[in-house]
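What follows is a short report on a single structure.
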Amino acid sequence: MSALEGKEIERLTAAAKEVTDNRTGLVLSGRIKDGKLILDKASEDEVAQKFPKADRAFIAFNSPFDPQSQIVN
């Protein structure tokens with residue numbers, strides 16, 4: 001992982017924490033790379049904590065993945 005990707009992940013993790021602190025439910029963060037969803041470590045840890053027996057299959061509804069409209073500044 002490059003330093004830029006690391007900083008991007010830190011920013012997204014901070015944004016997810018803000019969302020988590022202000023709502024209920026599970027917030028997953030990560031990226032789409034080469035057509036695959038890759039969850040960040042914090043998201044994987046949260047899923048494991050809240051759903052220890054889950055096999056981590058899910059469907060996301062109303063989740064836009066347009067990178068231009070989803071930029072976090």
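Ligands are numbered from 1 in the order shown, residues from 1 within each chain, and chains are lettered A, B, ... in the order they appear in the structure tokens.
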Contacts of Ala16 of chain A at 9 Å (only C-alpha atoms; same-chain gap of 6+ positions) as number ranges by chain
A: 27-29
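With distances restricted to only C-alpha atoms, A:Leu26 is the closest residue to Lys50 of chain A from A:Leu12, A:Leu26, A:Ser2, A:Lys7.
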With only C-alpha atoms as the counted atoms, please give the residues lying no more than 12 Å from Gly6 of chain A, apart from itself and same-chain residues fewer than 5 positions off, as JSON, numbers by chain.
{"A": [1, 11, 12, 13, 30, 31, 40, 41]}
Export C-alpha atoms of the chosen residues as an mmCIF file, in the first residue's frame?
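File produced: again15.cif:
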```cif
data_model
loop_
_atom_site.group_PDB
_atom_site.id
_atom_site.type_symbol
_atom_site.label_atom_id
_atom_site.label_comp_id
_atom_site.auth_asym_id
_atom_site.auth_seq_id
_atom_site.Cartn_x
_atom_site.Cartn_y
_atom_site.Cartn_z
ATOM 1 C CA MET A 1 0.000 0.000 0.000
ATOM 2 C CA ARG A 11 -9.428 9.914 6.174
ATOM 3 C CA LEU A 12 -12.154 7.431 5.282
ATOM 4 C CA THR A 13 -11.837 5.709 8.640
ATOM 5 C CA GLY A 30 -13.044 0.219 2.282
ATOM 6 C CA ARG A 31 -12.493 0.573 -1.414
ATOM 7 C CA ASP A 40 -10.557 -1.936 5.649
ATOM 8 C CA LYS A 41 -9.241 -3.598 8.825
#
```
Which is closest to Ile38 of chain A among A:Ile9, A:Lys53, A:Ala15, A:Asp21, if we use only C-alpha atoms?
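Looking only at the distances to Ile38 of chain A, the closest residue turns out to be A:Ile9.
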Which residue, A:Asp34, A:Glu5, A:Glu10, A:Thr20, has the smallest gap to Glu46 of chain A when you use only C-alpha atoms?
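For Glu46 of chain A, the nearest of the candidates is A:Thr20.
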Point-to-point distance from atom CA of Ala54 of chain A to atom CA of Leu39 of chain A, Å rounded to tenths
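For atom CA of Ala54 of chain A relative to atom CA of Leu39 of chain A, the distance reads 14.9 Å.
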